[in-house]
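Coordinates as given in entry-v5.tsv (TSV, C-alpha atoms):
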```tsv
chain	number	residue	atom	x	y	z
A	21	MET	CA	-102.66	2.84	64.26
A	22	THR	CA	-101.50	1.71	60.71
A	23	ASP	CA	-102.43	-1.71	59.17
A	24	SER	CA	-99.14	-3.46	58.13
A	25	ARG	CA	-100.87	-5.22	55.19
A	26	THR	CA	-102.61	-2.28	53.60
A	27	GLY	CA	-100.54	0.60	54.84
A	28	GLN	CA	-103.71	2.38	55.79
A	29	GLU	CA	-104.58	3.65	59.18
A	30	ALA	CA	-106.61	1.06	61.01
A	31	PRO	CA	-109.57	2.15	63.09
A	32	ASP	CA	-109.00	2.38	66.80
A	33	PRO	CA	-110.79	-0.51	68.52
A	34	ALA	CA	-112.02	1.97	71.08
A	35	ASP	CA	-114.03	3.66	68.32
A	36	ASP	CA	-116.16	0.53	67.91
A	37	GLU	CA	-117.17	0.45	71.53
A	38	PRO	CA	-120.68	1.67	72.18
A	39	PRO	CA	-120.92	4.98	73.97
A	40	ALA	CA	-121.14	4.77	77.70
A	41	PRO	CA	-124.71	5.07	78.85
A	42	ALA	CA	-125.68	8.35	80.42
A	43	LEU	CA	-125.83	8.19	84.14
A	44	SER	CA	-129.36	8.27	85.41
A	45	GLY	CA	-131.03	8.17	88.74
A	46	PRO	CA	-129.84	9.75	91.93
A	47	ALA	CA	-126.19	8.89	91.30
A	48	GLY	CA	-126.15	10.64	87.93
A	49	ASP	CA	-128.21	13.71	88.69
A	50	GLU	CA	-126.55	17.10	88.99
A	51	PRO	CA	-126.43	18.47	92.52
A	52	PRO	CA	-129.85	19.93	93.17
A	53	ARG	CA	-130.05	23.68	93.01
A	54	THR	CA	-131.70	25.16	96.06
A	55	SER	CA	-133.68	28.39	96.02
A	56	ALA	CA	-133.95	28.62	99.80
A	57	LEU	CA	-133.10	32.05	101.15
A	58	PRO	CA	-130.46	32.36	103.85
A	59	GLU	CA	-131.63	32.87	107.39
A	60	PRO	CA	-131.86	36.56	108.25
A	61	ALA	CA	-128.97	37.77	110.33
A	62	PRO	CA	-129.70	39.00	113.85
A	63	LEU	CA	-130.09	42.76	114.11
A	64	SER	CA	-126.79	44.38	114.93
A	65	ARG	CA	-126.46	47.74	116.63
A	66	ARG	CA	-125.60	49.38	113.32
A	67	MET	CA	-128.65	47.84	111.65
A	68	LEU	CA	-130.93	49.02	114.47
A	69	VAL	CA	-129.59	52.57	114.25
A	70	GLY	CA	-130.04	52.55	110.47
A	71	GLU	CA	-133.57	51.19	110.81
A	72	VAL	CA	-134.59	53.91	113.28
A	73	LEU	CA	-133.12	56.65	111.09
A	74	VAL	CA	-134.94	55.37	107.99
A	75	VAL	CA	-138.27	55.13	109.83
A	76	LEU	CA	-137.92	58.67	111.19
A	77	ALA	CA	-136.82	60.02	107.81
A	78	LEU	CA	-140.01	58.61	106.30
A	79	SER	CA	-142.27	59.98	109.04
A	80	LEU	CA	-141.95	62.30	112.02
A	81	GLY	CA	-138.27	63.05	111.65
A	82	ALA	CA	-139.04	64.61	108.28
A	83	SER	CA	-141.95	66.48	109.91
A	84	ALA	CA	-139.58	67.87	112.54
A	85	ILE	CA	-137.27	69.28	109.86
A	86	SER	CA	-140.22	70.71	107.93
A	87	ALA	CA	-141.63	72.32	111.09
A	88	THR	CA	-138.24	73.85	111.91
A	89	ILE	CA	-137.97	75.40	108.45
A	90	SER	CA	-141.52	76.70	108.77
A	91	PHE	CA	-140.72	78.22	112.17
A	92	ILE	CA	-137.64	79.97	110.79
A	93	GLY	CA	-139.81	81.42	108.07
A	94	ALA	CA	-142.38	82.57	110.63
A	95	ILE	CA	-139.97	84.33	112.99
A	96	THR	CA	-138.20	86.07	110.11
A	97	ALA	CA	-141.46	87.34	108.62
A	98	ARG	CA	-142.40	91.00	108.91
A	99	VAL	CA	-145.42	90.25	111.11
A	100	SER	CA	-145.41	88.87	114.64
A	101	LEU	CA	-146.13	85.22	115.39
A	102	SER	CA	-149.49	86.03	116.95
A	103	ARG	CA	-150.66	87.58	113.67
A	104	GLN	CA	-149.80	84.49	111.65
A	105	THR	CA	-152.05	81.46	111.23
A	106	ALA	CA	-151.29	77.75	111.00
A	107	SER	CA	-154.13	75.70	109.50
A	108	LEU	CA	-153.83	72.02	110.34
A	109	ILE	CA	-156.46	70.52	108.04
A	110	THR	CA	-157.31	72.37	104.85
A	111	SER	CA	-159.33	71.78	101.73
A	112	ARG	CA	-157.50	70.11	98.86
A	113	ALA	CA	-160.02	70.96	96.15
A	114	ASP	CA	-162.03	74.10	96.83
A	115	GLY	CA	-165.54	73.96	95.43
A	116	ARG	CA	-165.25	70.27	94.47
A	117	PRO	CA	-166.42	68.31	97.53
A	118	TRP	CA	-166.12	64.79	96.10
A	119	LEU	CA	-162.61	65.41	94.83
A	120	ASP	CA	-161.74	67.03	98.15
A	121	LEU	CA	-163.05	63.97	99.99
A	122	ALA	CA	-160.97	61.66	97.77
A	123	TRP	CA	-157.83	63.67	98.58
A	124	GLN	CA	-158.62	63.67	102.30
A	125	LEU	CA	-159.03	59.87	102.37
A	126	TYR	CA	-155.88	59.44	100.30
A	127	SER	CA	-153.84	61.52	102.74
A	128	LEU	CA	-155.27	59.62	105.69
A	129	ALA	CA	-154.46	56.20	104.27
A	130	PHE	CA	-150.92	56.88	103.15
A	131	ALA	CA	-150.01	58.85	106.28
A	132	LEU	CA	-150.36	55.56	108.18
A	133	VAL	CA	-147.92	53.63	105.98
A	134	PRO	CA	-145.00	54.31	108.42
A	135	VAL	CA	-147.07	52.62	111.15
A	136	VAL	CA	-147.48	49.56	108.94
A	137	LEU	CA	-143.73	49.67	108.30
A	138	VAL	CA	-142.74	49.68	111.98
A	139	VAL	CA	-145.14	46.83	112.78
A	140	TYR	CA	-143.61	44.87	109.90
A	141	LEU	CA	-140.10	45.60	111.16
A	142	LEU	CA	-141.04	44.38	114.61
A	143	TYR	CA	-142.31	41.13	113.14
A	144	ARG	CA	-139.08	40.79	111.14
A	145	SER	CA	-137.15	40.92	114.41
A	146	ARG	CA	-139.44	38.25	115.94
A	147	GLU	CA	-141.47	40.77	117.90
A	148	SER	CA	-144.92	42.15	117.12
A	149	HIS	CA	-147.31	45.04	117.67
A	150	ARG	CA	-147.93	43.58	121.13
A	151	THR	CA	-144.31	44.35	122.01
A	152	MET	CA	-145.30	48.01	122.39
A	153	GLY	CA	-148.82	47.37	123.67
A	154	PHE	CA	-150.51	48.33	120.41
A	155	ASP	CA	-153.43	45.92	120.78
A	156	ALA	CA	-156.89	45.57	122.33
A	157	ARG	CA	-156.05	43.19	125.18
A	158	ARG	CA	-156.91	45.72	127.91
A	159	PRO	CA	-159.76	47.87	126.56
A	160	ALA	CA	-161.02	49.16	129.91
A	161	PHE	CA	-157.56	50.21	131.10
A	162	ASP	CA	-156.74	51.80	127.73
A	163	ALA	CA	-160.01	53.76	127.58
A	164	LEU	CA	-160.01	55.01	131.17
A	165	SER	CA	-156.33	55.89	131.39
A	166	GLY	CA	-156.48	57.44	127.92
A	167	ALA	CA	-159.43	59.62	128.93
A	168	GLY	CA	-157.59	60.73	132.06
A	169	LEU	CA	-154.48	61.64	130.12
A	170	ALA	CA	-156.59	63.49	127.54
A	171	ALA	CA	-158.26	65.58	130.23
A	172	ALA	CA	-154.98	66.51	131.93
A	173	ILE	CA	-152.89	67.12	128.81
A	174	GLY	CA	-155.73	68.74	126.89
A	175	ALA	CA	-156.50	71.27	129.62
A	176	GLY	CA	-152.82	72.02	130.16
A	177	GLY	CA	-152.17	72.33	126.43
A	178	LEU	CA	-155.05	74.77	125.97
A	179	LEU	CA	-153.75	76.92	128.84
A	180	VAL	CA	-150.22	76.94	127.35
A	181	TYR	CA	-151.65	77.90	123.96
A	182	LEU	CA	-153.71	80.81	125.32
A	183	VAL	CA	-150.90	82.21	127.47
A	184	SER	CA	-148.20	81.86	124.82
A	185	TYR	CA	-150.49	83.45	122.24
A	186	GLN	CA	-151.02	86.47	124.48
A	187	LEU	CA	-147.24	86.72	124.91
A	188	GLY	CA	-146.73	86.63	121.15
A	189	LEU	CA	-144.91	83.28	121.23
A	190	THR	CA	-147.42	81.23	119.26
A	191	VAL	CA	-149.23	81.55	115.96
A	192	GLN	CA	-153.01	81.37	115.69
A	193	VAL	CA	-153.71	77.66	115.31
A	194	LYS	CA	-156.73	76.89	113.17
A	195	PRO	CA	-157.30	73.14	113.58
A	196	SER	CA	-159.75	72.86	110.69
A	197	ALA	CA	-160.20	75.01	107.61
A	198	LEU	CA	-162.44	72.51	105.83
A	199	PRO	CA	-165.61	73.83	104.18
A	200	GLU	CA	-168.97	72.59	105.41
A	201	ASN	CA	-169.77	69.20	103.87
A	202	TRP	CA	-171.59	66.09	105.00
A	203	TRP	CA	-168.23	64.36	105.39
A	204	THR	CA	-166.44	67.14	107.31
A	205	LEU	CA	-166.97	65.77	110.83
A	206	PRO	CA	-166.15	62.12	109.94
A	207	VAL	CA	-162.95	63.25	108.22
A	208	LEU	CA	-161.95	65.35	111.22
A	209	VAL	CA	-162.47	62.37	113.55
A	210	LEU	CA	-160.43	60.16	111.21
A	211	GLN	CA	-157.68	62.80	111.08
A	212	ALA	CA	-157.59	62.85	114.87
A	213	ALA	CA	-157.34	59.06	115.03
A	214	LYS	CA	-154.61	59.10	112.39
A	215	ASN	CA	-152.58	61.58	114.41
A	216	GLY	CA	-152.99	59.50	117.55
A	217	VAL	CA	-151.89	56.28	115.89
A	218	LEU	CA	-149.06	57.75	113.82
A	219	GLU	CA	-147.43	59.84	116.52
A	220	GLU	CA	-147.80	57.55	119.52
A	221	VAL	CA	-146.89	54.31	117.75
A	222	ILE	CA	-143.77	55.75	116.16
A	223	VAL	CA	-142.45	58.43	118.52
A	224	VAL	CA	-143.28	56.53	121.72
A	225	GLY	CA	-143.92	52.81	121.19
A	226	TYR	CA	-141.52	51.94	118.39
A	227	LEU	CA	-138.82	54.48	119.23
A	228	LEU	CA	-138.63	53.58	122.91
A	229	VAL	CA	-138.52	49.85	122.11
A	230	ARG	CA	-135.61	50.31	119.73
A	231	LEU	CA	-133.74	52.74	121.99
A	232	ARG	CA	-134.01	50.27	124.85
A	233	GLN	CA	-132.56	47.58	122.59
A	234	LEU	CA	-129.72	49.96	121.76
A	235	GLY	CA	-128.91	50.26	125.45
A	236	TRP	CA	-130.35	53.72	126.12
A	237	SER	CA	-131.55	54.48	129.63
A	238	PRO	CA	-135.30	55.15	130.04
A	239	ALA	CA	-134.65	58.81	130.88
A	240	ALA	CA	-132.51	59.39	127.78
A	241	ALA	CA	-134.99	57.60	125.52
A	242	ILE	CA	-137.94	59.59	126.89
A	243	ALA	CA	-135.95	62.81	126.48
A	244	LEU	CA	-135.21	62.10	122.82
A	245	SER	CA	-138.82	61.12	122.15
A	246	SER	CA	-140.09	64.30	123.83
A	247	VAL	CA	-137.68	66.58	121.97
A	248	LEU	CA	-138.67	65.00	118.66
A	249	ARG	CA	-142.36	65.57	119.47
A	250	ALA	CA	-141.64	69.19	120.38
A	251	PHE	CA	-139.74	69.84	117.16
A	252	TYR	CA	-142.39	68.55	114.78
A	253	HIS	CA	-144.85	70.92	116.49
A	254	LEU	CA	-142.45	73.87	116.30
A	255	TYR	CA	-144.33	75.39	113.35
A	256	GLN	CA	-147.00	76.39	115.91
A	257	GLY	CA	-144.56	78.57	117.83
A	258	VAL	CA	-142.33	78.57	120.90
A	259	GLY	CA	-145.15	78.08	123.40
A	260	MET	CA	-146.47	74.94	121.73
A	261	PHE	CA	-142.91	73.64	121.41
A	262	PHE	CA	-142.59	73.56	125.19
A	263	GLY	CA	-146.17	72.39	125.67
A	264	ASN	CA	-145.54	69.38	123.48
A	265	LEU	CA	-142.21	68.79	125.19
A	266	VAL	CA	-144.05	68.35	128.48
A	267	MET	CA	-146.67	66.17	126.80
A	268	GLY	CA	-143.87	63.97	125.47
A	269	VAL	CA	-142.34	63.55	128.92
A	270	VAL	CA	-145.69	62.58	130.44
A	271	PHE	CA	-146.53	60.15	127.64
A	272	GLY	CA	-143.04	58.68	127.68
A	273	TRP	CA	-143.17	58.13	131.44
A	274	PHE	CA	-146.59	56.50	131.16
A	275	TYR	CA	-145.34	54.13	128.46
A	276	HIS	CA	-142.25	53.25	130.48
A	277	ARG	CA	-144.44	52.59	133.52
A	278	TYR	CA	-147.14	50.48	131.87
A	279	GLY	CA	-145.62	49.28	128.59
A	280	ARG	CA	-148.74	50.11	126.56
A	281	VAL	CA	-149.08	52.61	123.74
A	282	MET	CA	-152.86	52.20	123.28
A	283	PRO	CA	-153.83	54.57	126.13
A	284	LEU	CA	-151.65	57.21	124.48
A	285	VAL	CA	-153.37	56.63	121.14
A	286	VAL	CA	-156.74	57.03	122.85
A	287	ALA	CA	-155.64	60.20	124.68
A	288	HIS	CA	-154.14	61.82	121.59
A	289	THR	CA	-157.21	60.97	119.51
A	290	VAL	CA	-159.59	62.46	122.09
A	291	ILE	CA	-157.49	65.65	122.36
A	292	ASP	CA	-157.48	66.14	118.60
A	293	VAL	CA	-161.18	65.32	118.18
A	294	VAL	CA	-162.04	68.01	120.73
A	295	ALA	CA	-159.66	70.49	119.05
A	296	PHE	CA	-160.75	69.77	115.47
A	297	VAL	CA	-164.49	69.54	116.05
A	298	GLY	CA	-164.51	72.20	118.76
A	299	SER	CA	-162.81	74.69	116.47
A	300	ILE	CA	-165.78	74.54	114.10
A	301	TYR	CA	-168.25	75.53	116.80
A	302	LEU	CA	-166.11	77.76	119.03
A	303	ILE	CA	-163.68	79.81	116.92
A	304	GLY	CA	-165.41	83.07	116.07
A	305	ARG	CA	-168.14	82.48	118.65
A	306	VAL	CA	-166.18	82.92	121.90
A	307	ASP	CA	-164.01	85.90	122.72
A	308	TRP	CA	-161.27	84.11	124.63
A	309	LEU	CA	-160.26	81.78	121.78
A	310	PRO	CA	-157.86	83.29	119.19
A	311	GLY	CA	-158.96	83.40	115.56
A	312	GLY	CA	-162.40	84.82	116.09
```
Mind turning this structure into structure tokens?
Amino acid sequence: MTDSRTGQEAPDPADDEPPAPALSGPAGDEPPRTSALPEPAPLSRRMLVGEVLVVLALSLGASAISATISFIGAITARVSLSRQTASLITSRADGRPWLDLAWQLYSLAFALVPVVLVVYLLYRSRESHRTMGFDARRPAFDALSGAGLAAAIGAGGLLVYLVSYQLGLTVQVKPSALPENWWTLPVLVLQAAKNGVLEEVIVVGYLLVRLRQLGWSPAAAIALSSVLRAFYHLYQGVGMFFGNLVMGVVFGWFYHRYGRVMPLVVAHTVIDVVAFVGSIYLIGRVDWLPGG
């Protein structure tokens, strides 16, 4: 605006007004920013399938592929299966017992990480380790039924091993190739317990829970679990492939019947303790056991 008397531009009256006060209080605050995470979506069929594949790829599914490759190498070798040896537990630092012990404990601890993963995944889906009966709520039942399963499966498995070895269908299985140390027996017992927990929790408890949620029938789920178990033992030969297939069917039926994986963990642990520790005292001292 121009002043008519001076010809100069007059200041705008609005310029003399004091600035509007800044809004304060609840009415003037910016909308609060929330850091709350969205609620997890319910598990879809695709997510469940992906979860199972990832768990198996990190654990016994990978072992099944490795065992298959090993078996192909064994049957294409220039010597027969019965003249080849599979050592299950070997030294990791010959002549250095403390370093060897450190490696043994390391392998034990990290081999159980997939078990921690599946328990975590069950909790994420509002379930828990109790969903598959991996708890101590029924100690007497777990111990007695586990011992019975160990006796039946262990005796049958030994018979299958001896017969298939004589037929040239199985390699010589050397459960332990550890040197004599004060920690040898404790490590063998821990290795047996690790095998029992890892295999039964994943290939029976977790897998059958998820397959049921995917709509599989009990028979189909037990069949897949049994075939997987057979394949990750294939490195031991054809005979032990079928022996473990039968073991998988029996264990799968038992789980379907009673809904508890702990008896299977007990049974598997007892079988492996007898095999690992027994191999130290029997192989080379009895004529009927291969490897002497």
Could you give me, as a VMD selection string, the residues within 7 Å of Lys194 of chain A, counting all atoms listed in the file and dropping anything in the same chain fewer than 3 positions from it? chain A and resid 105 to 108 197
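As for atom CA of Ser86 of chain A and atom CA of Val72 of chain A, they are spaced 18.5 Å apart.
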Using all atoms listed in the file, the best pick from A:Ile300, A:Ala241, A:Ala163, A:Leu208 as closest to Val285 of chain A would be A:Ala163
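Near Phe262 of chain A, within 12 Å and counting all atoms listed in the file, sit A:Gly176, A:Gly177, A:Val180, A:Tyr181, A:Ser184, A:Leu189, A:Thr190, A:Ser246, A:Val247, A:Leu248, A:Arg249, A:Ala250, A:Phe251, A:Tyr252, A:His253, A:Leu254, A:Gln256, A:Gly257, A:Val258, A:Gly259, A:Leu265, A:Val266, A:Met267, A:Gly268, A:Val269; same-chain residues fewer than 3 positions away were not included.
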Return as a Markdown table the residues of segment 196-292 of chain A lying at most 9 Å from segment 139-154 of chain A, together with the closest atom-to-atom pair for each and the distance in Å to one decimal, counting only C-alpha atoms, with rows in chain order and ascending residue number.
```
| residue | atom | partner | partner_atom | distance |
| --- | --- | --- | --- | --- |
| A:Val221 | CA | A:Phe154 | CA | 7.5 |
| A:Val224 | CA | A:Met152 | CA | 8.8 |
| A:Gly225 | CA | A:Met152 | CA | 5.1 |
| A:Tyr226 | CA | A:Met152 | CA | 6.8 |
| A:Leu228 | CA | A:Met152 | CA | 8.7 |
| A:Val229 | CA | A:Met152 | CA | 7.0 |
| A:Tyr275 | CA | A:Met152 | CA | 8.6 |
| A:Tyr278 | CA | A:Gly153 | CA | 8.9 |
| A:Gly279 | CA | A:Gly153 | CA | 6.2 |
| A:Arg280 | CA | A:Gly153 | CA | 4.0 |
| A:Val281 | CA | A:Gly153 | CA | 5.2 |
| A:Met282 | CA | A:Phe154 | CA | 5.4 |
| A:Val285 | CA | A:Phe154 | CA | 8.8 |
```
Could you dump the residues just selected with C-alpha atoms as a PDB file, keeping the file's coordinate frame?
```
ATOM      1  CA  VAL A 221    -146.890  54.310 117.750  1.00  0.00           C
ATOM      2  CA  VAL A 224    -143.280  56.530 121.720  1.00  0.00           C
ATOM      3  CA  GLY A 225    -143.920  52.810 121.190  1.00  0.00           C
ATOM      4  CA  TYR A 226    -141.520  51.940 118.390  1.00  0.00           C
ATOM      5  CA  LEU A 228    -138.630  53.580 122.910  1.00  0.00           C
ATOM      6  CA  VAL A 229    -138.520  49.850 122.110  1.00  0.00           C
ATOM      7  CA  TYR A 275    -145.340  54.130 128.460  1.00  0.00           C
ATOM      8  CA  TYR A 278    -147.140  50.480 131.870  1.00  0.00           C
ATOM      9  CA  GLY A 279    -145.620  49.280 128.590  1.00  0.00           C
ATOM     10  CA  ARG A 280    -148.740  50.110 126.560  1.00  0.00           C
ATOM     11  CA  VAL A 281    -149.080  52.610 123.740  1.00  0.00           C
ATOM     12  CA  MET A 282    -152.860  52.200 123.280  1.00  0.00           C
ATOM     13  CA  VAL A 285    -153.370  56.630 121.140  1.00  0.00           C
TER      14      VAL A 285
END
```
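When all atoms listed in the file are used to measure the gap to Leu63 of chain A, the shortest distance among A:Leu234, A:Trp203, A:Phe130, A:Trp123 belongs to A:Leu234.
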